[in-house]
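Everything on this sheet refers to the single structure shown next.
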Amino acid sequence: MSVMLRRRVRAGFGGLVAAGAGLGLGELAAALVGGTSPVVGVGTQLIDLAPGPAKDWAVKNLGTADKPILVGGVLFAVAIFALLAGTVGASRPRLAVVLTIGLGVLAILAAATGRTLATNPLTRLLPGVVTLIVATVGIVLILRALGPPPSPRAVGSAGPDETSTDDARPSNPLRPGRTDSEPVPTAGGSASDVPGFDRRRFLVTALSIGAAGAAGLAVSRLVPGGVDEATRAAVKVPAPGSPAQALPAGVSGDVAGVSRFFTPNKSFYRVDTLLTVPKVDPRNWELRIHGMVDRELRLNLADLLDRHLIERDITLTCVSNEVGGPYVGNARWIGVPIAEILREAGVQDGADAVRSTSVDGLTIGTPLTALTDGRDAMFAVAMNGEPLPFAHGFPVRMVVPGLYGYVSATKWIVDFEVTRFADFSAYWTDRGWSVEAPIKTASRIDVPKGFATIKAGPAVAAGVAWAQRRGISKVEVQVDDGPWRPAKLAAEDSIDTWRQWTFRWNATPGNHKLTVRATDAEGHLQTADRAAPRPNGSSGLHNTLVMVE
């Protein structure tokens, strides 16, 4: 390996170490002040700047794994940039420093201009500033330990048939037979290194900087965030003044593998734009109700819990759900009716919308009529018998039956502005999604799974169907191209929850396609026309292939 190549390898390694140290100590600064992690800040900006089709592809193909994959992608990009910056520093140290500073400035800009949980300018910017300073000082120290760039005479060589001007120079008087063009070994170095390089000094410098960054990252994971599961569990949700009705007999089927009537909290789908789940301190949380109202209200969690609470079973659906997809779940919610809060505030004439804002700055636009027409729209505080999980909006979120979540289900809500659609646009509508989005009638086959192998003879298929605010009146199943045959419906809890269905058939050997469709309680048949989720929800019929032995 040539002298210059070895130098570039060492410099590239040094660039990685310096950037890693900057990120590690930046993470520590974020943990100590409750600020924005440099990686999360850049990742959130990438989410917001990504084109719609890229977001759709990630939700469809990666699911909840899209967030760790994005974080990994950011770290990989930083590593490549740092490696290249360090390599450049082997011959142009000042340019390497400039590139490293640019990387730190990027982290600061991401925190300064992007959505973040930190509202104080110091907490927003400090982690990025720490990243910039540490990475810059690190690369400077490492390049100094590497020594000055070699002169062309030190790394050049003459060809076998060429005459080098150095050949005519007198021998080195300190060593007979040695010319001045040959490198002089130094302490810790080797005869093949350029003058001034001290391997031991370089390794000690690089390892010290790397250890500082690793220690910062490790300590950041140990810094208590102030809000943990114990804090959440300590919130006591009173018994609702209006409890949910008792579940009717037969609301759940007995087919193994079909979706449970109530989706466990840990299994409930999560689709949002945050790389880290906010952990909002319920003791400091406040909801501001303002805009086109007669009286502005500011409510803390105790204020909400002291009010009249309702308990309702409601199925939520994400607009990103593909036909037959997993982004739908049913839960029992406790909360304060939004309509009561609006009556207290006094909605002014001309208002037709509400803009709600999450703790990270994401905005959602909801039709005012959906909050005041008698449906059980609520500021929810509990889910399936416990305070809201952090991932599902603790301490307070919106739940509105009949609308896709991107226009109704604001999690970690902190602001509620009564306004007009003509006066604002929300996060998702800015990105090409419809302003209003009632949930479409849909059905799904849970059993058997696609490409499952079953025995010939009596067989069973089962799944769920939903049409919130309308209810499900009929589910039918088609085997191959045969006639549509009715499935058996489980009992209905309410028009705002899904219904399980069961279909029994005689399976004959061979491959078969099962297709399902539902009819809502208003008599409207689920459409067979295929449509992608964008701009207002997918449509089409779910089918599955089974192999019968």
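Labeling convention for the structure tokens: chains A, B, ... as they appear, residues from 1 per chain, ligands from 1 in order of appearance.
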
DSSP on the backbone: which residues in stretch 155-404 of chain A end up as strand (DSSP E)? Give the answer as a PyMOL selection string.
chain A and resi 286-291+297-300+310-317+328-337+353-358+363-367+378-383+386-387+397-399

Give me the residues within 9 Å of stretch 79-86 of chain A as a list in words, counting only C-alpha atoms and dropping any in the same chain fewer than 5 places off.
Arg8, Val9, Arg10, Ala11, Gly12, Phe13, Gly14, Gly15, Leu16, Val17, Ala18, Ala19, Gly20, Val74, Pro93, Leu95, Ala96, Val97, Val98, Leu99, Thr100, Leu103, Ile139 and Leu143 of chain A

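Separating atom CA of A:Ala90 from atom CA of A:Val129 is a distance of 25.5 Å.
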
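Interatomic distance, atom CA of A:Ala531 against atom CA of A:Val319: 11.8 Å.
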
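Backbone DSSP over stretch 209-335 of chain A gives helix (DSSP H, G or I) for Ile209, Gly210, Ala211, Ala212, Gly213, Ala214, Ala215, Gly216, Leu217, Ala218, Val219, Ser220, Arg221, Leu222, Glu229, Ala230, Thr231, Arg232, Ala233, Asn265, Lys266, Ser267, Leu301, Ala302, Asp303, Leu304 and Leu305 of chain A.
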
Env of stretch 513-530 of chain A: 8 Å cut, atoms = only C-alpha atoms, seq-sep filter 6 positions within chain, self excluded. Answer as a ChimeraX atom specification.
/A:441-445,465,467,470-480,538-546

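Here atom CA of A:Gly138 stands at a distance of 11.6 Å from atom CA of A:Ala211.
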
Among the residues A:Val271, A:Ala30, A:Ala461, A:Leu287, the one that comes closest to A:Lys449 [using only C-alpha atoms]:
A:Ala461

Name all residues at most 12 Å from A:Asn61 (count only C-alpha atoms; drop same-chain ones fewer than 6 positions away) and give them as a ChimeraX atom specification.
/A:53-55,69,320-322,325-326

Would you kindly return, as JSON, numbers by chain, each protein, DNA or RNA residue with an atom no farther than 7 Å from any atom of stretch 307-310 of chain A, considering only C-alpha atoms and excluding same-chain residues fewer than 3 positions away?
{"A": [240, 241, 242, 243, 303, 304, 334, 335, 336]}

Skip stretch 482-495 of chain A itself and residues of its chain fewer than 4 positions away, then list as number ranges by chain all residues within 7 Å of it, counting only C-alpha atoms.
A: 247-253, 468-471, 475-478, 499-503

Next, write the just-selected residues to a file, as a PDB file, in the first residue's frame, keeping N, CA and C atoms as the atom set.
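Once written, again_9.pdb looks like this:
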```
ATOM      1  N   LEU A 247     -71.342  -5.389  26.026  1.00  0.00           N
ATOM      2  CA  LEU A 247     -71.187  -6.047  24.727  1.00  0.00           C
ATOM      3  C   LEU A 247     -72.290  -7.083  24.541  1.00  0.00           C
ATOM      4  N   PRO A 248     -72.918  -7.094  23.386  1.00  0.00           N
ATOM      5  CA  PRO A 248     -73.964  -8.105  23.148  1.00  0.00           C
ATOM      6  C   PRO A 248     -73.358  -9.494  23.035  1.00  0.00           C
ATOM      7  N   ALA A 249     -74.154 -10.486  23.379  1.00  0.00           N
ATOM      8  CA  ALA A 249     -73.693 -11.864  23.235  1.00  0.00           C
ATOM      9  C   ALA A 249     -73.405 -12.147  21.759  1.00  0.00           C
ATOM     10  N   GLY A 250     -72.309 -12.860  21.512  1.00  0.00           N
ATOM     11  CA  GLY A 250     -71.983 -13.226  20.141  1.00  0.00           C
ATOM     12  C   GLY A 250     -71.260 -12.169  19.350  1.00  0.00           C
ATOM     13  N   VAL A 251     -70.690 -11.155  20.057  1.00  0.00           N
ATOM     14  CA  VAL A 251     -69.967 -10.114  19.335  1.00  0.00           C
ATOM     15  C   VAL A 251     -68.622 -10.619  18.824  1.00  0.00           C
ATOM     16  N   SER A 252     -68.111 -11.690  19.442  1.00  0.00           N
ATOM     17  CA  SER A 252     -66.828 -12.288  19.027  1.00  0.00           C
ATOM     18  C   SER A 252     -67.064 -13.697  18.519  1.00  0.00           C
ATOM     19  N   GLY A 253     -66.436 -14.030  17.379  1.00  0.00           N
ATOM     20  CA  GLY A 253     -66.530 -15.365  16.831  1.00  0.00           C
ATOM     21  C   GLY A 253     -65.581 -16.317  17.529  1.00  0.00           C
ATOM     22  N   GLN A 468     -67.743   2.656   9.628  1.00  0.00           N
ATOM     23  CA  GLN A 468     -68.051   3.494  10.779  1.00  0.00           C
ATOM     24  C   GLN A 468     -69.069   4.580  10.422  1.00  0.00           C
ATOM     25  N   ARG A 469     -69.980   4.820  11.363  1.00  0.00           N
ATOM     26  CA  ARG A 469     -71.112   5.740  11.267  1.00  0.00           C
ATOM     27  C   ARG A 469     -72.247   5.182  10.433  1.00  0.00           C
ATOM     28  N   ARG A 470     -72.072   4.039   9.769  1.00  0.00           N
ATOM     29  CA  ARG A 470     -73.158   3.425   9.004  1.00  0.00           C
ATOM     30  C   ARG A 470     -73.446   2.012   9.501  1.00  0.00           C
ATOM     31  N   GLY A 471     -72.404   1.287   9.874  1.00  0.00           N
ATOM     32  CA  GLY A 471     -72.580  -0.091  10.316  1.00  0.00           C
ATOM     33  C   GLY A 471     -72.572  -1.069   9.156  1.00  0.00           C
ATOM     34  N   VAL A 475     -72.227  -9.426   4.847  1.00  0.00           N
ATOM     35  CA  VAL A 475     -70.924  -9.783   4.284  1.00  0.00           C
ATOM     36  C   VAL A 475     -71.121 -11.007   3.415  1.00  0.00           C
ATOM     37  N   GLU A 476     -70.513 -10.996   2.235  1.00  0.00           N
ATOM     38  CA  GLU A 476     -70.618 -12.121   1.304  1.00  0.00           C
ATOM     39  C   GLU A 476     -69.230 -12.572   0.878  1.00  0.00           C
ATOM     40  N   VAL A 477     -69.131 -13.869   0.548  1.00  0.00           N
ATOM     41  CA  VAL A 477     -67.854 -14.451   0.116  1.00  0.00           C
ATOM     42  C   VAL A 477     -68.076 -15.183  -1.197  1.00  0.00           C
ATOM     43  N   GLN A 478     -67.105 -15.041  -2.069  1.00  0.00           N
ATOM     44  CA  GLN A 478     -67.120 -15.723  -3.358  1.00  0.00           C
ATOM     45  C   GLN A 478     -65.945 -16.682  -3.431  1.00  0.00           C
ATOM     46  N   ARG A 499     -67.318  -5.501  12.554  1.00  0.00           N
ATOM     47  CA  ARG A 499     -68.045  -6.745  12.853  1.00  0.00           C
ATOM     48  C   ARG A 499     -67.247  -7.925  12.317  1.00  0.00           C
ATOM     49  N   GLN A 500     -67.183  -8.964  13.103  1.00  0.00           N
ATOM     50  CA  GLN A 500     -66.565 -10.195  12.637  1.00  0.00           C
ATOM     51  C   GLN A 500     -67.565 -10.959  11.768  1.00  0.00           C
ATOM     52  N   TRP A 501     -67.044 -11.755  10.855  1.00  0.00           N
ATOM     53  CA  TRP A 501     -67.880 -12.599  10.009  1.00  0.00           C
ATOM     54  C   TRP A 501     -67.225 -13.967   9.839  1.00  0.00           C
ATOM     55  N   THR A 502     -68.051 -14.975   9.562  1.00  0.00           N
ATOM     56  CA  THR A 502     -67.573 -16.353   9.383  1.00  0.00           C
ATOM     57  C   THR A 502     -68.272 -16.957   8.171  1.00  0.00           C
ATOM     58  N   PHE A 503     -67.510 -17.676   7.366  1.00  0.00           N
ATOM     59  CA  PHE A 503     -68.047 -18.310   6.160  1.00  0.00           C
ATOM     60  C   PHE A 503     -67.568 -19.760   6.114  1.00  0.00           C
TER      61      PHE A 503
END
```

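Minimum distance to A:Pro401 across A:Ala370, A:Ala507, A:Val71, A:Val354 (counting only C-alpha atoms) occurs at A:Ala370.
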
So that I can see what lies close to A:Ala380, please list as number ranges by chain the residues with an atom at most 9 Å from it, counting only C-alpha atoms and leaving out residues fewer than 5 positions away in the same chain.
A: 333-337, 388, 393, 395-399

Just the selected residues (C-alpha atoms), exported as a short mmCIF file (atom, residue, chain, number, x, y, z; two decimals), in the first residue's frame, please.
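Written file, out.cif:
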```
data_model
loop_
_atom_site.label_atom_id
_atom_site.label_comp_id
_atom_site.auth_asym_id
_atom_site.auth_seq_id
_atom_site.Cartn_x
_atom_site.Cartn_y
_atom_site.Cartn_z
CA TRP A 333 -62.02 4.78 24.65
CA ILE A 334 -62.76 7.14 27.54
CA GLY A 335 -62.78 10.88 27.01
CA VAL A 336 -64.55 14.23 27.14
CA PRO A 337 -67.08 14.97 24.36
CA LEU A 388 -53.43 6.31 26.75
CA GLY A 393 -51.17 10.05 22.24
CA PRO A 395 -51.95 12.24 27.79
CA VAL A 396 -54.74 13.35 25.39
CA ARG A 397 -55.67 12.68 21.78
CA MET A 398 -58.65 13.15 19.48
CA VAL A 399 -60.91 10.26 18.49
#
```

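The smallest atom-to-atom distance between A:Val280 and any of A:Val227, A:Ala65, A:Val435, A:Ala50, using only C-alpha atoms, is found for A:Val227.
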
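Nearest to A:Arg534 of all the residues A:Gly34, A:Pro458, A:Gly346, A:Gly432 is A:Gly432, based on only C-alpha atoms.
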
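Restricting the calculation to only C-alpha atoms, the smallest distance between A:Glu229 and any of A:Glu386, A:Asp272, A:Asp306, A:Glu436 is found for A:Glu386.
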
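Among the candidates A:Arg355, A:Arg115, A:Arg343, A:Arg124, the residue lying nearest to A:Phe416 is A:Arg355 (atoms considered: only C-alpha atoms).
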